[in-house]
>>> print(open('protein-v9.pdb').read())   # PDB, C-alpha atoms
ATOM      1  CA  MET A  29       9.336   3.910   1.293  1.00  0.00           C
ATOM      2  CA  ASN A  30      12.233   3.446  -1.112  1.00  0.00           C
ATOM      3  CA  THR A  31      12.123   3.961  -4.892  1.00  0.00           C
ATOM      4  CA  ASN A  32      11.376   0.315  -5.669  1.00  0.00           C
ATOM      5  CA  GLU A  33       8.530   0.211  -3.129  1.00  0.00           C
ATOM      6  CA  TYR A  34       7.184   3.505  -4.499  1.00  0.00           C
ATOM      7  CA  GLU A  35       7.086   2.072  -8.025  1.00  0.00           C
ATOM      8  CA  GLN A  36       5.427  -1.094  -6.721  1.00  0.00           C
ATOM      9  CA  THR A  37       2.824   1.064  -4.967  1.00  0.00           C
ATOM     10  CA  ILE A  38       1.990   2.779  -8.266  1.00  0.00           C
ATOM     11  CA  ALA A  39       1.602  -0.612  -9.959  1.00  0.00           C
ATOM     12  CA  LEU A  40      -0.540  -1.941  -7.107  1.00  0.00           C
ATOM     13  CA  VAL A  41      -2.821   1.106  -7.190  1.00  0.00           C
ATOM     14  CA  ILE A  42      -3.322   0.701 -10.957  1.00  0.00           C
ATOM     15  CA  ALA A  43      -3.950  -3.048 -10.612  1.00  0.00           C
ATOM     16  CA  THR A  44      -6.357  -2.541  -7.696  1.00  0.00           C
ATOM     17  CA  ALA A  45      -8.370  -0.005  -9.696  1.00  0.00           C
ATOM     18  CA  GLU A  46      -8.566  -2.430 -12.616  1.00  0.00           C
ATOM     19  CA  ILE A  47      -9.632  -5.305 -10.387  1.00  0.00           C
ATOM     20  CA  MET A  48     -12.374  -3.062  -9.011  1.00  0.00           C
ATOM     21  CA  GLY A  49     -13.621  -2.479 -12.558  1.00  0.00           C
ATOM     22  CA  THR A  50     -12.245   0.985 -13.314  1.00  0.00           C
ATOM     23  CA  GLU A  51      -9.214   2.433 -14.993  1.00  0.00           C
ATOM     24  CA  ILE A  52      -6.982   4.979 -13.357  1.00  0.00           C
ATOM     25  CA  LYS A  53      -4.673   7.384 -15.148  1.00  0.00           C
ATOM     26  CA  PRO A  54      -0.966   6.965 -14.394  1.00  0.00           C
ATOM     27  CA  ASN A  55      -0.656  10.527 -13.065  1.00  0.00           C
ATOM     28  CA  VAL A  56      -3.493   9.834 -10.599  1.00  0.00           C
ATOM     29  CA  ALA A  57      -1.765   6.630  -9.453  1.00  0.00           C
ATOM     30  CA  VAL A  58       1.454   8.600  -8.942  1.00  0.00           C
ATOM     31  CA  MET A  59      -0.437  11.175  -6.894  1.00  0.00           C
ATOM     32  CA  MET A  60      -1.990   8.440  -4.747  1.00  0.00           C
ATOM     33  CA  ALA A  61       1.424   6.818  -4.285  1.00  0.00           C
ATOM     34  CA  ASP A  62       2.807  10.203  -3.160  1.00  0.00           C
ATOM     35  CA  ASP A  63       0.051  10.445  -0.552  1.00  0.00           C
ATOM     36  CA  LEU A  64       0.720   6.873   0.610  1.00  0.00           C
ATOM     37  CA  SER A  65       4.521   7.192   0.660  1.00  0.00           C
ATOM     38  CA  GLY A  66       4.505   8.254   4.318  1.00  0.00           C
ATOM     39  CA  TYR A  67       3.244   4.827   5.364  1.00  0.00           C
ATOM     40  CA  PRO A  68       5.317   1.634   5.518  1.00  0.00           C
ATOM     41  CA  PHE A  69       5.128  -0.270   2.219  1.00  0.00           C
ATOM     42  CA  ALA A  70       3.940  -3.471   3.914  1.00  0.00           C
ATOM     43  CA  ASP A  71       1.001  -1.578   5.437  1.00  0.00           C
ATOM     44  CA  VAL A  72       0.088   0.013   2.087  1.00  0.00           C
ATOM     45  CA  LYS A  73       0.267  -3.358   0.342  1.00  0.00           C
ATOM     46  CA  HIS A  74      -1.956  -4.922   3.019  1.00  0.00           C
ATOM     47  CA  ALA A  75      -4.429  -2.033   2.799  1.00  0.00           C
ATOM     48  CA  LEU A  76      -4.691  -2.397  -0.974  1.00  0.00           C
ATOM     49  CA  THR A  77      -5.318  -6.117  -0.561  1.00  0.00           C
ATOM     50  CA  ARG A  78      -8.132  -5.349   1.887  1.00  0.00           C
ATOM     51  CA  VAL A  79      -9.593  -2.745  -0.465  1.00  0.00           C
ATOM     52  CA  ARG A  80      -9.728  -5.319  -3.270  1.00  0.00           C
ATOM     53  CA  ARG A  81     -11.430  -7.850  -1.005  1.00  0.00           C
ATOM     54  CA  GLU A  82     -13.768  -5.637   0.997  1.00  0.00           C
ATOM     55  CA  CYS A  83     -14.660  -2.517  -0.999  1.00  0.00           C
ATOM     56  CA  THR A  84     -16.826  -1.926  -4.027  1.00  0.00           C
ATOM     57  CA  GLY A  85     -17.086   0.954  -6.459  1.00  0.00           C
ATOM     58  CA  LYS A  86     -14.423   3.263  -7.771  1.00  0.00           C
ATOM     59  CA  LEU A  87     -11.037   3.151  -6.008  1.00  0.00           C
ATOM     60  CA  THR A  88     -10.441   6.260  -3.907  1.00  0.00           C
ATOM     61  CA  LEU A  89      -7.591   7.386  -1.719  1.00  0.00           C
ATOM     62  CA  LYS A  90     -10.038   7.574   1.189  1.00  0.00           C
ATOM     63  CA  MET A  91     -10.748   3.839   0.903  1.00  0.00           C
ATOM     64  CA  ILE A  92      -7.071   3.105   1.351  1.00  0.00           C
ATOM     65  CA  LEU A  93      -6.530   5.660   4.120  1.00  0.00           C
ATOM     66  CA  ASP A  94      -9.551   4.414   6.063  1.00  0.00           C
ATOM     67  CA  ILE A  95      -7.870   1.026   6.263  1.00  0.00           C
ATOM     68  CA  LEU A  96      -4.396   2.426   6.968  1.00  0.00           C
ATOM     69  CA  ALA A  97      -5.541   4.790   9.724  1.00  0.00           C
ATOM     70  CA  PRO A  98      -9.015   3.761  10.873  1.00  0.00           C
ATOM     71  CA  SER A  99     -10.972   6.272  12.945  1.00  0.00           C
ATOM     72  CA  GLY A 100      -8.465   9.003  12.198  1.00  0.00           C
ATOM     73  CA  GLY A 101      -5.788   7.270  14.238  1.00  0.00           C
ATOM     74  CA  TRP A 102      -7.988   6.667  17.284  1.00  0.00           C
ATOM     75  CA  LEU A 103      -8.024   3.242  18.902  1.00  0.00           C
ATOM     76  CA  SER A 104     -11.135   1.116  18.739  1.00  0.00           C
ATOM     77  CA  PRO A 105     -12.901   0.529  22.077  1.00  0.00           C
ATOM     78  CA  ASN A 106     -11.541  -3.023  22.283  1.00  0.00           C
ATOM     79  CA  GLU A 107      -7.983  -1.856  21.585  1.00  0.00           C
ATOM     80  CA  ALA A 108      -8.265   0.885  24.201  1.00  0.00           C
ATOM     81  CA  TRP A 109      -9.503  -1.556  26.847  1.00  0.00           C
ATOM     82  CA  ALA A 110      -6.737  -4.012  25.999  1.00  0.00           C
ATOM     83  CA  ILE A 111      -4.222  -1.265  26.726  1.00  0.00           C
ATOM     84  CA  ALA A 112      -6.027   0.011  29.830  1.00  0.00           C
ATOM     85  CA  LEU A 113      -6.700  -3.316  31.576  1.00  0.00           C
ATOM     86  CA  PRO A 114      -3.089  -3.859  32.673  1.00  0.00           C
ATOM     87  CA  ALA A 115      -3.598  -0.865  34.992  1.00  0.00           C
ATOM     88  CA  ALA A 116      -5.610  -3.126  37.298  1.00  0.00           C
ATOM     89  CA  ASP A 117      -2.234  -4.645  38.196  1.00  0.00           C
ATOM     90  CA  GLU A 118      -1.328  -1.432  40.096  1.00  0.00           C
ATOM     91  CA  SER A 119       2.270  -1.820  38.961  1.00  0.00           C
ATOM     92  CA  ALA A 120       1.360  -0.389  35.568  1.00  0.00           C
ATOM     93  CA  THR A 121       0.078   3.107  34.931  1.00  0.00           C
ATOM     94  CA  VAL A 122      -2.377   4.349  32.346  1.00  0.00           C
ATOM     95  CA  VAL A 123      -3.450   7.853  31.390  1.00  0.00           C
ATOM     96  CA  TRP A 124      -7.245   7.952  31.033  1.00  0.00           C
TER
END
>>> encode(input="protein-v9.pdb", output="structure tokens")
Amino acid sequence: MNTNEYEQTIALVIATAEIMGTEIKPNVAVMMADDLSGYPFADVKHALTRVRRECTGKLTLKMILDILAPSGGWLSPNEAWAIALPAADESATVVW
């Protein structure tokens, strides 16, 4: 995430909190942006959009991270099967 994207992330976090009906202090928004800076900006922006549309209550970092890395980085059952099914071809290999 470059400097411009980092600043946009801070602004998006503040705006998202306001849309959700709460205010957030600038130093808290900076801290959240620091925690989110390891993710691609497009993913963070998309996650904040989903938070605004799907979540209620006070904005938390966990809300955003749950969307960015659902299930702690584990694949959902459907995603896992989509990856594993090509192994039926016998020309592909899968580690189970």
>>> axis_aligned_box(input="protein-v9.pdb", around="segment 44-60 of chain A", padding_each_side="5 Å", output="AutoDock Vina command-line options")
--center_x -6.1 --center_y 2.9 --center_z -9.9 --size_x 25.1 --size_y 26.5 --size_z 20.4
>>> closest_residue(input="protein-v9.pdb", among="A:Leu87, A:Ala70, A:Ile38, A:Leu93", to="Thr50 of chain A", atoms="all atoms listed in the file")
A:Leu87
>>> atom_distance(input="protein-v9.pdb", atom1="atom CA of Ile92 of chain A", atom2="atom CA of Leu76 of chain A")
6.4 Å
>>> closest_residue(input="protein-v9.pdb", among="A:Ile42, A:Glu35, A:Glu107, A:Leu113", to="Phe69 of chain A", atoms="only C-alpha atoms")
A:Glu35
>>> closest_residue(input="protein-v9.pdb", among="A:Ala39, A:Val72, A:Ala97, A:Leu103", to="Asn55 of chain A", atoms="only C-alpha atoms")
A:Ala39
>>> resolve_selection(input="protein-v9.pdb", expression="the PyMOL selection byres ((chain A and resi 83-85) around 12)", output="list in words")
Thr44, Ala45, Glu46, Ile47, Met48, Gly49, Thr50, Glu51, Ala75, Leu76, Thr77, Arg78, Val79, Arg80, Arg81, Glu82, Lys86, Leu87, Thr88, Lys90, Met91, Ile92, Asp94 and Ile95 of chain A
>>> write_last_selection(input="protein-v9.pdb", atoms="C-alpha atoms", output="mmCIF file, keeping the file's coordinate frame")
data_model
loop_
_atom_site.group_PDB
_atom_site.id
_atom_site.type_symbol
_atom_site.label_atom_id
_atom_site.label_comp_id
_atom_site.auth_asym_id
_atom_site.auth_seq_id
_atom_site.Cartn_x
_atom_site.Cartn_y
_atom_site.Cartn_z
ATOM 1 C CA THR A 44 -6.357 -2.541 -7.696
ATOM 2 C CA ALA A 45 -8.370 -0.005 -9.696
ATOM 3 C CA GLU A 46 -8.566 -2.430 -12.616
ATOM 4 C CA ILE A 47 -9.632 -5.305 -10.387
ATOM 5 C CA MET A 48 -12.374 -3.062 -9.011
ATOM 6 C CA GLY A 49 -13.621 -2.479 -12.558
ATOM 7 C CA THR A 50 -12.245 0.985 -13.314
ATOM 8 C CA GLU A 51 -9.214 2.433 -14.993
ATOM 9 C CA ALA A 75 -4.429 -2.033 2.799
ATOM 10 C CA LEU A 76 -4.691 -2.397 -0.974
ATOM 11 C CA THR A 77 -5.318 -6.117 -0.561
ATOM 12 C CA ARG A 78 -8.132 -5.349 1.887
ATOM 13 C CA VAL A 79 -9.593 -2.745 -0.465
ATOM 14 C CA ARG A 80 -9.728 -5.319 -3.270
ATOM 15 C CA ARG A 81 -11.430 -7.850 -1.005
ATOM 16 C CA GLU A 82 -13.768 -5.637 0.997
ATOM 17 C CA LYS A 86 -14.423 3.263 -7.771
ATOM 18 C CA LEU A 87 -11.037 3.151 -6.008
ATOM 19 C CA THR A 88 -10.441 6.260 -3.907
ATOM 20 C CA LYS A 90 -10.038 7.574 1.189
ATOM 21 C CA MET A 91 -10.748 3.839 0.903
ATOM 22 C CA ILE A 92 -7.071 3.105 1.351
ATOM 23 C CA ASP A 94 -9.551 4.414 6.063
ATOM 24 C CA ILE A 95 -7.870 1.026 6.263
#
>>> resolve_selection(input="protein-v9.pdb", expression="the PyMOL selection byres ((chain A and resi 34) around 12)", output="CSV table (one decimal) with C-alpha atoms, in the frame of the given file")
chain,number,residue,atom,x,y,z
A,29,MET,CA,9.3,3.9,1.3
A,30,ASN,CA,12.2,3.4,-1.1
A,31,THR,CA,12.1,4.0,-4.9
A,32,ASN,CA,11.4,0.3,-5.7
A,33,GLU,CA,8.5,0.2,-3.1
A,35,GLU,CA,7.1,2.1,-8.0
A,36,GLN,CA,5.4,-1.1,-6.7
A,37,THR,CA,2.8,1.1,-5.0
A,38,ILE,CA,2.0,2.8,-8.3
A,39,ALA,CA,1.6,-0.6,-10.0
A,40,LEU,CA,-0.5,-1.9,-7.1
A,41,VAL,CA,-2.8,1.1,-7.2
A,57,ALA,CA,-1.8,6.6,-9.5
A,58,VAL,CA,1.5,8.6,-8.9
A,59,MET,CA,-0.4,11.2,-6.9
A,60,MET,CA,-2.0,8.4,-4.7
A,61,ALA,CA,1.4,6.8,-4.3
A,62,ASP,CA,2.8,10.2,-3.2
A,63,ASP,CA,0.1,10.4,-0.6
A,64,LEU,CA,0.7,6.9,0.6
A,65,SER,CA,4.5,7.2,0.7
A,66,GLY,CA,4.5,8.3,4.3
A,67,TYR,CA,3.2,4.8,5.4
A,68,PRO,CA,5.3,1.6,5.5
A,69,PHE,CA,5.1,-0.3,2.2
A,70,ALA,CA,3.9,-3.5,3.9
A,72,VAL,CA,0.1,0.0,2.1
A,73,LYS,CA,0.3,-3.4,0.3
>>> atom_distance(input="protein-v9.pdb", atom1="atom CA of Pro105 of chain A", atom2="atom CA of Leu89 of chain A")
25.3 Å
>>> build_atoms(input="protein-v9.pdb", residues="segment 52-67 of chain A", atoms="N, CA, C and O atoms", output="PDB file, in the frame of the given file")
ATOM      1  N   ILE A  52      -7.505   3.810 -14.022  1.00  0.00           N
ATOM      2  CA  ILE A  52      -6.982   4.979 -13.357  1.00  0.00           C
ATOM      3  C   ILE A  52      -5.821   5.504 -14.199  1.00  0.00           C
ATOM      4  O   ILE A  52      -5.028   4.724 -14.713  1.00  0.00           O
ATOM      5  N   LYS A  53      -5.751   6.791 -14.364  1.00  0.00           N
ATOM      6  CA  LYS A  53      -4.673   7.384 -15.148  1.00  0.00           C
ATOM      7  C   LYS A  53      -3.366   7.276 -14.367  1.00  0.00           C
ATOM      8  O   LYS A  53      -3.367   7.362 -13.136  1.00  0.00           O
ATOM      9  N   PRO A  54      -2.262   7.095 -15.082  1.00  0.00           N
ATOM     10  CA  PRO A  54      -0.966   6.965 -14.394  1.00  0.00           C
ATOM     11  C   PRO A  54      -0.630   8.145 -13.489  1.00  0.00           C
ATOM     12  O   PRO A  54      -0.095   7.957 -12.398  1.00  0.00           O
ATOM     13  N   ASN A  55      -0.974   9.377 -13.918  1.00  0.00           N
ATOM     14  CA  ASN A  55      -0.656  10.527 -13.065  1.00  0.00           C
ATOM     15  C   ASN A  55      -1.479  10.521 -11.778  1.00  0.00           C
ATOM     16  O   ASN A  55      -1.012  10.994 -10.734  1.00  0.00           O
ATOM     17  N   VAL A  56      -2.672   9.961 -11.811  1.00  0.00           N
ATOM     18  CA  VAL A  56      -3.493   9.834 -10.599  1.00  0.00           C
ATOM     19  C   VAL A  56      -2.881   8.775  -9.675  1.00  0.00           C
ATOM     20  O   VAL A  56      -2.818   8.965  -8.464  1.00  0.00           O
ATOM     21  N   ALA A  57      -2.411   7.674 -10.252  1.00  0.00           N
ATOM     22  CA  ALA A  57      -1.765   6.630  -9.453  1.00  0.00           C
ATOM     23  C   ALA A  57      -0.497   7.165  -8.789  1.00  0.00           C
ATOM     24  O   ALA A  57      -0.214   6.844  -7.633  1.00  0.00           O
ATOM     25  N   VAL A  58       0.249   7.987  -9.515  1.00  0.00           N
ATOM     26  CA  VAL A  58       1.454   8.600  -8.942  1.00  0.00           C
ATOM     27  C   VAL A  58       1.076   9.512  -7.780  1.00  0.00           C
ATOM     28  O   VAL A  58       1.717   9.506  -6.725  1.00  0.00           O
ATOM     29  N   MET A  59       0.015  10.283  -7.949  1.00  0.00           N
ATOM     30  CA  MET A  59      -0.437  11.175  -6.894  1.00  0.00           C
ATOM     31  C   MET A  59      -0.869  10.388  -5.651  1.00  0.00           C
ATOM     32  O   MET A  59      -0.545  10.761  -4.516  1.00  0.00           O
ATOM     33  N   MET A  60      -1.577   9.285  -5.869  1.00  0.00           N
ATOM     34  CA  MET A  60      -1.990   8.440  -4.747  1.00  0.00           C
ATOM     35  C   MET A  60      -0.768   7.832  -4.065  1.00  0.00           C
ATOM     36  O   MET A  60      -0.701   7.784  -2.831  1.00  0.00           O
ATOM     37  N   ALA A  61       0.199   7.384  -4.858  1.00  0.00           N
ATOM     38  CA  ALA A  61       1.424   6.818  -4.285  1.00  0.00           C
ATOM     39  C   ALA A  61       2.175   7.868  -3.475  1.00  0.00           C
ATOM     40  O   ALA A  61       2.737   7.554  -2.421  1.00  0.00           O
ATOM     41  N   ASP A  62       2.184   9.115  -3.934  1.00  0.00           N
ATOM     42  CA  ASP A  62       2.807  10.203  -3.160  1.00  0.00           C
ATOM     43  C   ASP A  62       2.130  10.343  -1.800  1.00  0.00           C
ATOM     44  O   ASP A  62       2.793  10.481  -0.777  1.00  0.00           O
ATOM     45  N   ASP A  63       0.797  10.306  -1.804  1.00  0.00           N
ATOM     46  CA  ASP A  63       0.051  10.445  -0.552  1.00  0.00           C
ATOM     47  C   ASP A  63       0.271   9.251   0.378  1.00  0.00           C
ATOM     48  O   ASP A  63       0.199   9.393   1.601  1.00  0.00           O
ATOM     49  N   LEU A  64       0.525   8.086  -0.189  1.00  0.00           N
ATOM     50  CA  LEU A  64       0.720   6.873   0.610  1.00  0.00           C
ATOM     51  C   LEU A  64       2.179   6.654   1.004  1.00  0.00           C
ATOM     52  O   LEU A  64       2.468   5.780   1.821  1.00  0.00           O
ATOM     53  N   SER A  65       3.089   7.432   0.444  1.00  0.00           N
ATOM     54  CA  SER A  65       4.521   7.192   0.660  1.00  0.00           C
ATOM     55  C   SER A  65       4.964   7.394   2.108  1.00  0.00           C
ATOM     56  O   SER A  65       6.027   6.921   2.496  1.00  0.00           O
ATOM     57  N   GLY A  66       4.169   8.058   2.916  1.00  0.00           N
ATOM     58  CA  GLY A  66       4.505   8.254   4.318  1.00  0.00           C
ATOM     59  C   GLY A  66       4.228   7.038   5.190  1.00  0.00           C
ATOM     60  O   GLY A  66       4.615   7.001   6.361  1.00  0.00           O
ATOM     61  N   TYR A  67       3.576   6.049   4.635  1.00  0.00           N
ATOM     62  CA  TYR A  67       3.244   4.827   5.364  1.00  0.00           C
ATOM     63  C   TYR A  67       4.227   3.724   4.984  1.00  0.00           C
ATOM     64  O   TYR A  67       4.748   3.712   3.877  1.00  0.00           O
TER      65      TYR A  67
END
